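A short write-up of the structure that comes next.
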Amino acid sequence: MTTDNGIGRRGLLAAAAGVAALGVLGAPARAAGGKVGPYRYPITPGTPQWASLNNQQEMVDAAQLPDGLAEKMATDDLLTTVLAYPLLAHALAADDPRAGLQTVLGRSKAAQELLHRPDAAAAMLRRYSAFDPSIPATATPLQAGRRTIDAWRLEALLSLPAMLAAPPRGHLKALLRVGRAHLDAKSAHAGVYGANFLGGGATADLLHGTLTRAQTGTADGCGRTDGPVSIAAVRRAVDQHLEGATIQACTIPKISDPNSVTYYYMQTPNGTNIQYFSAPSLTSSQVSCLNSDSDAVWPQATRETSATYRYNCHSYAFYSTSDSSNSRWVERMWWDKAQQIFYPNVSRYWTDGSYKQWSTPVIYYSGMRWVYWTSNQSDGGHSAIEVGTTGYLRSKWGVYGRMYHKWDYVPSVYPMGDIRQYYR
């Protein structure tokens with residue numbers, strides 16, 4: 001698990017997607033390039049050209065840098081380019097946005113170059129130190145929500161294993177001090193940030209990873225845990241560490257905060273246990289921003305409900321299609337604490353016979369469950385329900401709302417190589 005954000009297990013896909021897709025751990029460092037300035041993406045959400053993109057691959061291609069350009073950019077300009085990457089918003093459509101971010105960055109030449117730079121962590125810290133998380137009194141709900149997303153982008157990037165793998169001297173302590181101050185600033189605007197993974201949870205996750213790296217030598221040196229780290233406990237531990245006390249990050253209490261996530265169990269139609277959690281709510285400002293973003297980033301899809309952290313795609317497709325009563329977030333993988341191993345979770349809906357995989361000569365009919373399979377785990381990466389037999393689907397996109405969309409017009413965090421249909 002991570003922090004009070006309830007995103008899911010720490011590194012569920014982070015290690016697999018981050019190391020395999022990005023190849024950043026143990027990779028040779030590259031020197032900073034020449035100064036050619038930040039890249040200005042010629043096609044961005046909100047423009048007619050972006051609205052004409054018809055599928056996931058066209059969006060990925062439109063947001064790609066020309067070959068060889070990233071290597072010529074100074075690290076600060078490269079960082080600006082990565083933060084402006086039009087597909088960064090796609091990470092929030094994943095069940096675990098932290099893992100989703102690494103999947104998204106794995107498809108960006110600019111991000112891959114940045115994460116190879118030896119001075120990337122220092123550049124990130126400078127940018128994070130200059131960021132002001134306070135919310136102006138005159139800010140609209142949309143502007144306030146945008147500030148929380150901007151903060152999440154910085155903190156999620158700083159939390160990447162590549163950023164904490166080989167930090168320069170004094171980096172970790174400086175990062176703890178800045179992050180601790182940002183956590184106080186967010187607390188002063190709790191109505192906007194909340195304790196979820198876009199608010200206080202993001203800062204606590206960064207601080208916990210930084211503290212763990214300082215004490216154990218790795219960003220995830222504590223191994224697996226069975227619950228979210230308390231924001232209050234992280235705050236205390238960082239304060240004590242900065243005062244010179246010996247604090248073990250691995251002993252920071254779990255599930256000790258009112259906004260923490262507790263795991264529960266429900267059953268498939270055939271009685272097999274499925275793991276789920278009830279997540280902290282998004283704030284109204286975050287909902288406003290996420291709704292605006294999804295409308296701009298995916299103009300060819302129809303948003304049918306507002307953004308919510310109450311349920312996700314797997315819960316929508318296999319448990320309940322009710323937006324008002326569904327409050328179960330179902331992760332792909334099940335963490336078995338006793339055996340310290342992951343097991344498939346969502347796929348129990350079909351491996352126990354509750355659903356069967358469609359193939360001829362079975363008649364194809366409306367309501368088929370579509371599952372976008374991942375290549376590195378024996379479970380579905382995204383689930384959807386077909387509307388009619390048209391190739392148009394309804395599905396819940398991470399913390400975004402429920403969307404009506406063409407089957408291949410989906411966020412870039414969803415795998416496209418192996419898509420299967422299931423019926424009850």
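Residue numbering restarts at 1 for every chain of the structure tokens, chains are lettered A, B, ... in their displayed order, and ligands are numbered from 1 as they appear.
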Can you tell me which residues surround Ser395 (chain A) at a distance of at most 10 Å, considering only C-alpha atoms, apart from same-chain residues fewer than 4 positions away, and format the answer as an mmCIF file with N, CA, C and O atoms, in the first residue's frame?
data_model
loop_
_atom_site.group_PDB
_atom_site.id
_atom_site.type_symbol
_atom_site.label_atom_id
_atom_site.label_comp_id
_atom_site.auth_asym_id
_atom_site.auth_seq_id
_atom_site.Cartn_x
_atom_site.Cartn_y
_atom_site.Cartn_z
ATOM 1 N N ARG A 303 -18.685 11.952 -21.576
ATOM 2 C CA ARG A 303 -18.671 11.760 -20.122
ATOM 3 C C ARG A 303 -20.106 11.762 -19.619
ATOM 4 O O ARG A 303 -20.837 12.726 -19.773
ATOM 5 N N GLU A 304 -20.510 10.656 -18.983
ATOM 6 C CA GLU A 304 -21.893 10.493 -18.552
ATOM 7 C C GLU A 304 -22.097 10.777 -17.068
ATOM 8 O O GLU A 304 -23.225 10.992 -16.634
ATOM 9 N N ASN A 312 -14.458 1.909 -9.588
ATOM 10 C CA ASN A 312 -13.603 1.929 -10.778
ATOM 11 C C ASN A 312 -14.179 1.020 -11.861
ATOM 12 O O ASN A 312 -15.308 0.529 -11.759
ATOM 13 N N CYS A 313 -13.397 0.806 -12.912
ATOM 14 C CA CYS A 313 -13.895 0.088 -14.089
ATOM 15 C C CYS A 313 -14.284 -1.348 -13.783
ATOM 16 O O CYS A 313 -15.310 -1.839 -14.276
ATOM 17 N N HIS A 314 -13.477 -2.054 -13.000
ATOM 18 C CA HIS A 314 -13.769 -3.457 -12.711
ATOM 19 C C HIS A 314 -15.035 -3.580 -11.864
ATOM 20 O O HIS A 314 -15.859 -4.476 -12.080
ATOM 21 N N SER A 315 -15.184 -2.675 -10.915
ATOM 22 C CA SER A 315 -16.376 -2.671 -10.084
ATOM 23 C C SER A 315 -17.609 -2.369 -10.930
ATOM 24 O O SER A 315 -18.669 -2.987 -10.757
ATOM 25 N N TYR A 316 -17.486 -1.416 -11.855
ATOM 26 C CA TYR A 316 -18.614 -1.057 -12.723
ATOM 27 C C TYR A 316 -19.007 -2.219 -13.631
ATOM 28 O O TYR A 316 -20.189 -2.539 -13.778
ATOM 29 N N ALA A 317 -18.030 -2.869 -14.238
ATOM 30 C CA ALA A 317 -18.323 -3.917 -15.219
ATOM 31 C C ALA A 317 -18.811 -5.205 -14.583
ATOM 32 O O ALA A 317 -19.673 -5.895 -15.152
ATOM 33 N N THR A 321 -23.484 -1.352 -12.010
ATOM 34 C CA THR A 321 -23.428 -0.211 -12.929
ATOM 35 C C THR A 321 -24.068 1.039 -12.336
ATOM 36 O O THR A 321 -24.199 2.049 -13.022
ATOM 37 N N ARG A 369 -18.825 -8.194 -21.507
ATOM 38 C CA ARG A 369 -17.777 -7.524 -20.739
ATOM 39 C C ARG A 369 -16.482 -7.586 -21.534
ATOM 40 O O ARG A 369 -16.041 -8.668 -21.908
ATOM 41 N N TRP A 370 -15.922 -6.426 -21.799
ATOM 42 C CA TRP A 370 -14.627 -6.352 -22.479
ATOM 43 C C TRP A 370 -13.528 -6.231 -21.421
ATOM 44 O O TRP A 370 -13.652 -5.452 -20.470
ATOM 45 N N HIS A 382 -8.161 -3.281 -17.778
ATOM 46 C CA HIS A 382 -9.317 -2.394 -17.842
ATOM 47 C C HIS A 382 -10.530 -3.240 -18.203
ATOM 48 O O HIS A 382 -10.430 -4.209 -18.960
ATOM 49 N N SER A 383 -11.679 -2.871 -17.650
ATOM 50 C CA SER A 383 -12.923 -3.593 -17.927
ATOM 51 C C SER A 383 -13.982 -2.617 -18.408
ATOM 52 O O SER A 383 -14.026 -1.461 -17.968
ATOM 53 N N ALA A 384 -14.852 -3.075 -19.317
ATOM 54 C CA ALA A 384 -15.887 -2.236 -19.900
ATOM 55 C C ALA A 384 -17.086 -3.100 -20.270
ATOM 56 O O ALA A 384 -17.004 -4.336 -20.272
ATOM 57 N N ILE A 385 -18.202 -2.443 -20.584
ATOM 58 C CA ILE A 385 -19.417 -3.143 -21.006
ATOM 59 C C ILE A 385 -19.810 -2.646 -22.387
ATOM 60 O O ILE A 385 -19.929 -1.430 -22.606
ATOM 61 N N GLU A 386 -20.018 -3.560 -23.313
ATOM 62 C CA GLU A 386 -20.389 -3.156 -24.665
ATOM 63 C C GLU A 386 -21.842 -2.708 -24.714
ATOM 64 O O GLU A 386 -22.720 -3.308 -24.094
ATOM 65 N N GLY A 401 -14.986 10.201 -14.665
ATOM 66 C CA GLY A 401 -16.348 9.701 -14.663
ATOM 67 C C GLY A 401 -16.545 8.484 -15.543
ATOM 68 O O GLY A 401 -15.602 7.945 -16.135
ATOM 69 N N ARG A 402 -17.787 8.035 -15.623
ATOM 70 C CA ARG A 402 -18.144 6.947 -16.529
ATOM 71 C C ARG A 402 -18.214 7.517 -17.942
ATOM 72 O O ARG A 402 -18.821 8.560 -18.181
ATOM 73 N N MET A 403 -17.586 6.813 -18.894
ATOM 74 C CA MET A 403 -17.473 7.307 -20.251
ATOM 75 C C MET A 403 -18.160 6.373 -21.251
ATOM 76 O O MET A 403 -18.155 5.146 -21.082
ATOM 77 N N TYR A 404 -18.721 6.972 -22.295
ATOM 78 C CA TYR A 404 -19.259 6.230 -23.436
ATOM 79 C C TYR A 404 -18.289 6.488 -24.581
ATOM 80 O O TYR A 404 -18.056 7.642 -24.954
ATOM 81 N N HIS A 405 -17.702 5.425 -25.153
ATOM 82 C CA HIS A 405 -16.571 5.619 -26.058
ATOM 83 C C HIS A 405 -16.410 4.460 -27.031
ATOM 84 O O HIS A 405 -16.893 3.349 -26.785
ATOM 85 N N TRP A 407 -14.236 1.549 -28.720
ATOM 86 C CA TRP A 407 -13.394 0.582 -28.003
ATOM 87 C C TRP A 407 -11.918 0.957 -27.985
ATOM 88 O O TRP A 407 -11.204 0.696 -27.010
ATOM 89 N N VAL A 410 -9.424 5.208 -25.868
ATOM 90 C CA VAL A 410 -9.275 5.032 -24.426
ATOM 91 C C VAL A 410 -7.950 5.634 -23.975
ATOM 92 O O VAL A 410 -7.049 5.871 -24.794
#
Can you tell me which residues surround Asn345 (chain A) at a distance of at most 7 Å, considering only C-alpha atoms, apart from same-chain residues fewer than 4 positions away, and format the answer as a short mmCIF file (atom, residue, chain, number, x, y, z; two decimals) with N, CA and C atoms, in the first residue's frame?
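See selection17.cif below for the written result:
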data_model
loop_
_atom_site.label_atom_id
_atom_site.label_comp_id
_atom_site.auth_asym_id
_atom_site.auth_seq_id
_atom_site.Cartn_x
_atom_site.Cartn_y
_atom_site.Cartn_z
N ILE A 274 -13.58 -11.58 -3.66
CA ILE A 274 -12.96 -10.49 -4.41
C ILE A 274 -12.60 -9.40 -3.40
N GLN A 275 -11.39 -8.86 -3.51
CA GLN A 275 -10.93 -7.82 -2.59
C GLN A 275 -11.31 -6.44 -3.14
N GLU A 331 -9.28 -3.65 -7.22
CA GLU A 331 -7.96 -3.65 -7.85
C GLU A 331 -7.75 -4.93 -8.65
N ARG A 332 -6.82 -4.84 -9.62
CA ARG A 332 -6.54 -6.01 -10.45
C ARG A 332 -5.97 -7.17 -9.64
N MET A 333 -5.04 -6.83 -8.73
CA MET A 333 -4.32 -7.87 -8.02
C MET A 333 -4.67 -7.87 -6.54
N TRP A 334 -4.61 -9.03 -5.94
CA TRP A 334 -4.92 -9.26 -4.54
C TRP A 334 -3.60 -9.49 -3.80
#
How far is it from CA of Gly381 (chain A) to CA of Leu290 (chain A), in Å with one decimal? 21.2 Å
Select from region 108-297 of chain A everything DSSP, run on the backbone, classes as helix (DSSP H, G or I), then give the selection as an NGL selection string. :A and (109-114 or 120-130 or 141-158 or 161-165 or 171-188 or 190-193 or 200-216 or 231-242 or 249-251 or 284-297)
Applying 12 Å and only C-alpha atoms, which residues near Gln49 (chain A) remain after dropping the ones on its own chain fewer than 2 positions away? List them as a PyMOL selection string. chain A and resi 41-47+51-54+58-59+62-63+296-297+299
Between A:Thr272, A:Thr390, A:Ser285, A:Leu198, which residue has the minimum interatomic distance to Asp96 (chain A), considering only C-alpha atoms? A:Leu198
Closest of A:Leu79, A:Asp184, A:Thr268, A:Ala93 to Leu125 (chain A) - atom-to-atom distances counting only C-alpha atoms: A:Leu79
Atom-to-atom span, CA of Trp335 (chain A) and CA of Ser278 (chain A), Å: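 CA of Ser278 (chain A) lies 16.2 Å from CA of Trp335 (chain A).
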Surrounding residues of Asp239 (chain A) excluding itself and chain neighbours under 6 positions, 9 Å, only C-alpha atoms, as JSON, numbers by chain: {"A": [177, 180, 245]}
I'd like the contact shell of Gln357 (chain A) - 10 Å cut-off, only C-alpha atoms, skipping same-chain residues fewer than 6 positions apart - returned as a ChimeraX atom specification. /A:350-351,368-371,420-424
Using only all heavy atoms, please write the residues we just selected to a file, as a CSV table (one decimal), in the first residue's frame.
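Written file, again.csv:
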chain,number,residue,atom,x,y,z
A,350,TRP,N,-14.0,-14.7,-13.9
A,350,TRP,CA,-14.2,-15.6,-15.0
A,350,TRP,C,-13.4,-16.9,-14.8
A,350,TRP,O,-13.8,-18.0,-15.3
A,350,TRP,CB,-13.7,-15.0,-16.4
A,350,TRP,CG,-12.4,-14.4,-16.4
A,350,TRP,CD1,-11.2,-15.0,-16.7
A,350,TRP,CD2,-12.1,-13.0,-16.2
A,350,TRP,NE1,-10.2,-14.1,-16.7
A,350,TRP,CE2,-10.7,-12.8,-16.4
A,350,TRP,CE3,-12.9,-11.9,-15.9
A,350,TRP,CZ2,-10.1,-11.6,-16.3
A,350,TRP,CZ3,-12.2,-10.6,-15.8
A,350,TRP,CH2,-10.8,-10.5,-16.0
A,351,THR,N,-12.4,-16.9,-13.9
A,351,THR,CA,-11.7,-18.2,-13.7
A,351,THR,C,-12.6,-19.1,-12.8
A,351,THR,O,-12.3,-20.4,-12.8
A,351,THR,CB,-10.4,-18.0,-13.0
A,351,THR,OG1,-10.5,-17.2,-11.8
A,351,THR,CG2,-9.4,-17.2,-14.0
A,368,MET,N,-21.7,-7.6,-23.4
A,368,MET,CA,-20.5,-8.4,-23.2
A,368,MET,C,-19.5,-7.5,-22.4
A,368,MET,O,-19.4,-6.3,-22.6
A,368,MET,CB,-19.9,-8.7,-24.6
A,368,MET,CG,-20.6,-9.8,-25.4
A,368,MET,SD,-20.2,-11.4,-24.8
A,368,MET,CE,-20.8,-12.4,-26.2
A,369,ARG,N,-18.8,-8.2,-21.5
A,369,ARG,CA,-17.8,-7.5,-20.7
A,369,ARG,C,-16.5,-7.6,-21.5
A,369,ARG,O,-16.0,-8.7,-21.9
A,369,ARG,CB,-17.6,-8.2,-19.4
A,369,ARG,CG,-18.4,-7.6,-18.3
A,369,ARG,CD,-19.9,-7.6,-18.5
A,369,ARG,NE,-20.7,-7.2,-17.4
A,369,ARG,CZ,-22.0,-7.0,-17.4
A,369,ARG,NH1,-22.7,-7.1,-18.5
A,369,ARG,NH2,-22.6,-6.6,-16.3
A,370,TRP,N,-15.9,-6.4,-21.8
A,370,TRP,CA,-14.6,-6.4,-22.5
A,370,TRP,C,-13.5,-6.2,-21.4
A,370,TRP,O,-13.7,-5.5,-20.5
A,370,TRP,CB,-14.6,-5.1,-23.4
A,370,TRP,CG,-15.3,-5.3,-24.7
A,370,TRP,CD1,-16.6,-5.7,-24.9
A,370,TRP,CD2,-14.8,-4.9,-26.0
A,370,TRP,NE1,-16.9,-5.7,-26.2
A,370,TRP,CE2,-15.9,-5.2,-26.9
A,370,TRP,CE3,-13.6,-4.5,-26.5
A,370,TRP,CZ2,-15.7,-5.0,-28.3
A,370,TRP,CZ3,-13.5,-4.2,-27.8
A,370,TRP,CH2,-14.5,-4.5,-28.7
A,371,VAL,N,-12.5,-7.0,-21.6
A,371,VAL,CA,-11.3,-6.9,-20.7
A,371,VAL,C,-10.1,-6.7,-21.5
A,371,VAL,O,-9.7,-7.5,-22.4
A,371,VAL,CB,-11.2,-8.2,-19.9
A,371,VAL,CG1,-10.0,-8.2,-19.0
A,371,VAL,CG2,-12.4,-8.4,-19.0
A,420,ARG,N,-10.4,-9.2,-24.7
A,420,ARG,CA,-11.2,-10.4,-24.7
A,420,ARG,C,-12.6,-10.0,-24.2
A,420,ARG,O,-12.8,-9.0,-23.5
A,420,ARG,CB,-10.7,-11.4,-23.7
A,420,ARG,CG,-9.2,-11.8,-24.0
A,420,ARG,CD,-8.6,-12.8,-23.1
A,420,ARG,NE,-7.2,-13.0,-23.3
A,420,ARG,CZ,-6.4,-13.9,-22.6
A,420,ARG,NH1,-7.0,-14.7,-21.8
A,420,ARG,NH2,-5.2,-14.0,-22.9
A,421,GLN,N,-13.6,-10.8,-24.6
A,421,GLN,CA,-15.0,-10.5,-24.2
A,421,GLN,C,-15.5,-11.7,-23.4
A,421,GLN,O,-15.1,-12.9,-23.6
A,421,GLN,CB,-15.9,-10.4,-25.5
A,421,GLN,CG,-15.7,-9.1,-26.3
A,421,GLN,CD,-14.4,-9.2,-27.1
A,421,GLN,OE1,-14.1,-10.2,-27.6
A,421,GLN,NE2,-13.8,-8.0,-27.3
A,422,TYR,N,-16.3,-11.3,-22.4
A,422,TYR,CA,-16.8,-12.3,-21.4
A,422,TYR,C,-18.4,-12.2,-21.3
A,422,TYR,O,-18.9,-11.0,-21.4
A,422,TYR,CB,-16.2,-12.2,-20.1
A,422,TYR,CG,-14.7,-12.6,-20.1
A,422,TYR,CD1,-13.7,-11.6,-20.4
A,422,TYR,CD2,-14.3,-13.9,-19.8
A,422,TYR,CE1,-12.4,-11.9,-20.4
A,422,TYR,CE2,-12.9,-14.2,-19.8
A,422,TYR,CZ,-12.0,-13.2,-20.1
A,422,TYR,OH,-10.7,-13.6,-20.2
A,423,TYR,N,-19.0,-13.2,-21.1
A,423,TYR,CA,-20.5,-13.2,-20.9
A,423,TYR,C,-20.9,-14.0,-19.7
A,423,TYR,O,-20.2,-14.9,-19.2
A,423,TYR,CB,-21.2,-13.7,-22.1
A,423,TYR,CG,-21.0,-15.2,-22.5
A,423,TYR,CD1,-21.9,-16.1,-22.0
A,423,TYR,CD2,-19.9,-15.6,-23.2
A,423,TYR,CE1,-21.7,-17.5,-22.3
A,423,TYR,CE2,-19.6,-16.9,-23.5
A,423,TYR,CZ,-20.5,-17.9,-23.0
A,423,TYR,OH,-20.3,-19.2,-23.3
A,424,ARG,N,-22.0,-13.6,-19.1
A,424,ARG,CA,-22.5,-14.3,-17.9
A,424,ARG,C,-23.2,-15.6,-18.3
A,424,ARG,O,-24.1,-15.6,-19.1
A,424,ARG,CB,-23.5,-13.3,-17.2
A,424,ARG,CG,-24.1,-13.9,-15.9
A,424,ARG,CD,-23.1,-13.7,-14.7
A,424,ARG,NE,-23.7,-14.1,-13.5
A,424,ARG,CZ,-23.6,-15.4,-13.0
A,424,ARG,NH1,-22.9,-16.3,-13.6
A,424,ARG,NH2,-24.2,-15.7,-11.9
Which residue, A:Leu158, A:Leu206, A:Ile149, A:Ala99, has the smallest gap to Ser288 (chain A) when you use only C-alpha atoms?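 Looking at the shortest contact to Ser288 (chain A), the residue is A:Ile149.
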Between A:Ser284, A:Gln102, A:Thr203, A:Thr81, single out the one closest to Leu154 (chain A), counting only C-alpha atoms.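 Going through A:Ser284, A:Gln102, A:Thr203, A:Thr81 one by one, the smallest distance to Leu154 (chain A) is for A:Thr203.
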Rounded to one decimal in Å, what is the spacing between CA of Phe277 (chain A) and CA of Thr262 (chain A)? 5.9 Å
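Comparing A:Asp352, A:Asp293, A:Asp336, A:Asp95 by their smallest distance to Val413 (chain A), the closest is A:Asp95 (using only C-alpha atoms).
Remark: for Tyr85 (chain A), the closest of the candidate residues A:Pro344, A:Pro133, A:Pro38, A:Gly398 is A:Pro38 (distances computed over only C-alpha atoms).
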Write down as an mmCIF file with all heavy atoms, in the first residue's frame the residues of region 173-314 of chain A whose backbone DSSP state falls under strand (DSSP E).
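Result written to states_23.cif:
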data_model
loop_
_atom_site.group_PDB
_atom_site.id
_atom_site.type_symbol
_atom_site.label_atom_id
_atom_site.label_comp_id
_atom_site.auth_asym_id
_atom_site.auth_seq_id
_atom_site.Cartn_x
_atom_site.Cartn_y
_atom_site.Cartn_z
ATOM 1 N N TYR A 263 -9.727 -2.550 3.685
ATOM 2 C CA TYR A 263 -10.082 -3.517 2.657
ATOM 3 C C TYR A 263 -11.207 -4.429 3.133
ATOM 4 O O TYR A 263 -11.263 -4.836 4.295
ATOM 5 C CB TYR A 263 -8.860 -4.333 2.240
ATOM 6 C CG TYR A 263 -8.018 -3.602 1.240
ATOM 7 C CD1 TYR A 263 -7.138 -2.605 1.640
ATOM 8 C CD2 TYR A 263 -8.144 -3.860 -0.117
ATOM 9 C CE1 TYR A 263 -6.394 -1.894 0.722
ATOM 10 C CE2 TYR A 263 -7.401 -3.154 -1.053
ATOM 11 C CZ TYR A 263 -6.529 -2.185 -0.626
ATOM 12 O OH TYR A 263 -5.805 -1.473 -1.544
ATOM 13 N N TYR A 264 -12.080 -4.753 2.188
ATOM 14 C CA TYR A 264 -13.230 -5.615 2.452
ATOM 15 C C TYR A 264 -13.272 -6.719 1.394
ATOM 16 O O TYR A 264 -12.462 -6.733 0.463
ATOM 17 C CB TYR A 264 -14.532 -4.812 2.405
ATOM 18 C CG TYR A 264 -14.576 -3.637 3.343
ATOM 19 C CD1 TYR A 264 -14.240 -2.361 2.892
ATOM 20 C CD2 TYR A 264 -14.946 -3.803 4.678
ATOM 21 C CE1 TYR A 264 -14.281 -1.273 3.751
ATOM 22 C CE2 TYR A 264 -14.990 -2.719 5.544
ATOM 23 C CZ TYR A 264 -14.657 -1.456 5.071
ATOM 24 O OH TYR A 264 -14.697 -0.389 5.918
ATOM 25 N N TYR A 265 -14.228 -7.600 1.545
ATOM 26 C CA TYR A 265 -14.343 -8.729 0.622
ATOM 27 C C TYR A 265 -15.792 -8.929 0.218
ATOM 28 O O TYR A 265 -16.701 -8.804 1.032
ATOM 29 C CB TYR A 265 -13.785 -10.004 1.272
ATOM 30 C CG TYR A 265 -12.352 -9.826 1.700
ATOM 31 C CD1 TYR A 265 -12.041 -9.378 2.989
ATOM 32 C CD2 TYR A 265 -11.310 -10.027 0.810
ATOM 33 C CE1 TYR A 265 -10.729 -9.150 3.371
ATOM 34 C CE2 TYR A 265 -9.988 -9.804 1.190
ATOM 35 C CZ TYR A 265 -9.708 -9.366 2.474
ATOM 36 O OH TYR A 265 -8.411 -9.129 2.845
ATOM 37 N N MET A 266 -15.969 -9.191 -1.069
ATOM 38 C CA MET A 266 -17.278 -9.537 -1.595
ATOM 39 C C MET A 266 -17.110 -10.795 -2.442
ATOM 40 O O MET A 266 -15.991 -11.328 -2.562
ATOM 41 C CB MET A 266 -17.843 -8.388 -2.433
ATOM 42 C CG MET A 266 -17.014 -7.996 -3.639
ATOM 43 S SD MET A 266 -17.719 -6.546 -4.479
ATOM 44 C CE MET A 266 -16.592 -6.375 -5.863
ATOM 45 N N GLN A 267 -18.188 -11.277 -3.010
ATOM 46 C CA GLN A 267 -18.125 -12.534 -3.732
ATOM 47 C C GLN A 267 -18.542 -12.362 -5.195
ATOM 48 O O GLN A 267 -19.376 -11.509 -5.522
ATOM 49 C CB GLN A 267 -19.029 -13.602 -3.084
ATOM 50 C CG GLN A 267 -18.491 -14.197 -1.805
ATOM 51 C CD GLN A 267 -18.558 -13.224 -0.644
ATOM 52 O OE1 GLN A 267 -19.580 -12.560 -0.453
ATOM 53 N NE2 GLN A 267 -17.473 -13.122 0.118
ATOM 54 N N ASN A 273 -14.184 -15.085 -3.352
ATOM 55 C CA ASN A 273 -13.886 -13.795 -2.741
ATOM 56 C C ASN A 273 -13.164 -12.853 -3.709
ATOM 57 O O ASN A 273 -12.263 -13.255 -4.455
ATOM 58 C CB ASN A 273 -13.017 -13.968 -1.493
ATOM 59 C CG ASN A 273 -13.826 -14.340 -0.272
ATOM 60 O OD1 ASN A 273 -15.045 -14.207 -0.256
ATOM 61 N ND2 ASN A 273 -13.146 -14.822 0.749
ATOM 62 N N ILE A 274 -13.579 -11.577 -3.665
ATOM 63 C CA ILE A 274 -12.956 -10.491 -4.414
ATOM 64 C C ILE A 274 -12.599 -9.405 -3.397
ATOM 65 O O ILE A 274 -13.397 -9.058 -2.540
ATOM 66 C CB ILE A 274 -13.918 -9.907 -5.468
ATOM 67 C CG1 ILE A 274 -14.241 -10.943 -6.537
ATOM 68 C CG2 ILE A 274 -13.324 -8.638 -6.089
ATOM 69 C CD1 ILE A 274 -13.104 -11.255 -7.475
ATOM 70 N N GLN A 275 -11.392 -8.859 -3.507
ATOM 71 C CA GLN A 275 -10.929 -7.818 -2.590
ATOM 72 C C GLN A 275 -11.307 -6.443 -3.136
ATOM 73 O O GLN A 275 -11.164 -6.181 -4.331
ATOM 74 C CB GLN A 275 -9.414 -7.939 -2.437
ATOM 75 C CG GLN A 275 -8.816 -7.259 -1.237
ATOM 76 C CD GLN A 275 -7.326 -7.551 -1.138
ATOM 77 O OE1 GLN A 275 -6.549 -7.100 -1.979
ATOM 78 N NE2 GLN A 275 -6.920 -8.305 -0.128
ATOM 79 N N TYR A 276 -11.774 -5.543 -2.259
ATOM 80 C CA TYR A 276 -12.089 -4.181 -2.686
ATOM 81 C C TYR A 276 -11.879 -3.234 -1.514
ATOM 82 O O TYR A 276 -11.708 -3.655 -0.376
ATOM 83 C CB TYR A 276 -13.527 -4.075 -3.211
ATOM 84 C CG TYR A 276 -14.604 -4.097 -2.140
ATOM 85 C CD1 TYR A 276 -15.084 -2.906 -1.586
ATOM 86 C CD2 TYR A 276 -15.141 -5.294 -1.673
ATOM 87 C CE1 TYR A 276 -16.063 -2.919 -0.605
ATOM 88 C CE2 TYR A 276 -16.123 -5.317 -0.699
ATOM 89 C CZ TYR A 276 -16.585 -4.123 -0.164
ATOM 90 O OH TYR A 276 -17.554 -4.138 0.812
ATOM 91 N N PHE A 277 -11.886 -1.926 -1.807
ATOM 92 C CA PHE A 277 -11.823 -0.937 -0.739
ATOM 93 C C PHE A 277 -12.770 0.205 -1.042
ATOM 94 O O PHE A 277 -13.233 0.380 -2.175
ATOM 95 C CB PHE A 277 -10.397 -0.411 -0.500
ATOM 96 C CG PHE A 277 -9.790 0.364 -1.641
ATOM 97 C CD1 PHE A 277 -10.102 1.703 -1.859
ATOM 98 C CD2 PHE A 277 -8.864 -0.236 -2.491
ATOM 99 C CE1 PHE A 277 -9.531 2.421 -2.885
ATOM 100 C CE2 PHE A 277 -8.283 0.478 -3.526
ATOM 101 C CZ PHE A 277 -8.620 1.806 -3.729
ATOM 102 N N THR A 302 -17.955 10.491 -24.558
ATOM 103 C CA THR A 302 -19.000 11.221 -23.850
ATOM 104 C C THR A 302 -18.909 10.918 -22.363
ATOM 105 O O THR A 302 -19.030 9.757 -21.953
ATOM 106 C CB THR A 302 -20.400 10.837 -24.370
ATOM 107 O OG1 THR A 302 -20.480 11.123 -25.765
ATOM 108 C CG2 THR A 302 -21.479 11.608 -23.627
ATOM 109 N N ARG A 303 -18.685 11.952 -21.576
ATOM 110 C CA ARG A 303 -18.671 11.760 -20.122
ATOM 111 C C ARG A 303 -20.106 11.762 -19.619
ATOM 112 O O ARG A 303 -20.837 12.726 -19.773
ATOM 113 C CB ARG A 303 -17.869 12.875 -19.433
ATOM 114 C CG ARG A 303 -17.844 12.758 -17.912
ATOM 115 C CD ARG A 303 -16.942 13.797 -17.294
ATOM 116 N NE ARG A 303 -17.295 15.162 -17.665
ATOM 117 C CZ ARG A 303 -18.260 15.856 -17.064
ATOM 118 N NH1 ARG A 303 -18.985 15.306 -16.089
ATOM 119 N NH2 ARG A 303 -18.511 17.097 -17.437
#
Could you give me, as a list in words, the residues within 9 Å of Asp77 (chain A), counting only C-alpha atoms and dropping anything in the same chain fewer than 4 positions from it?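 After dropping sequence-adjacent residues, the list is Lys35, Val36, Gly37, Pro38, Tyr39, Met73, Thr81 and Val82 of chain A.
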Might you pull out every residue within 7 Å of Gln64 (chain A), with only C-alpha atoms counted and same-chain residues fewer than 4 positions away left off, and present them as a list in words?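 The contact residues come out as Val60, Ser108 and Lys109 of chain A.
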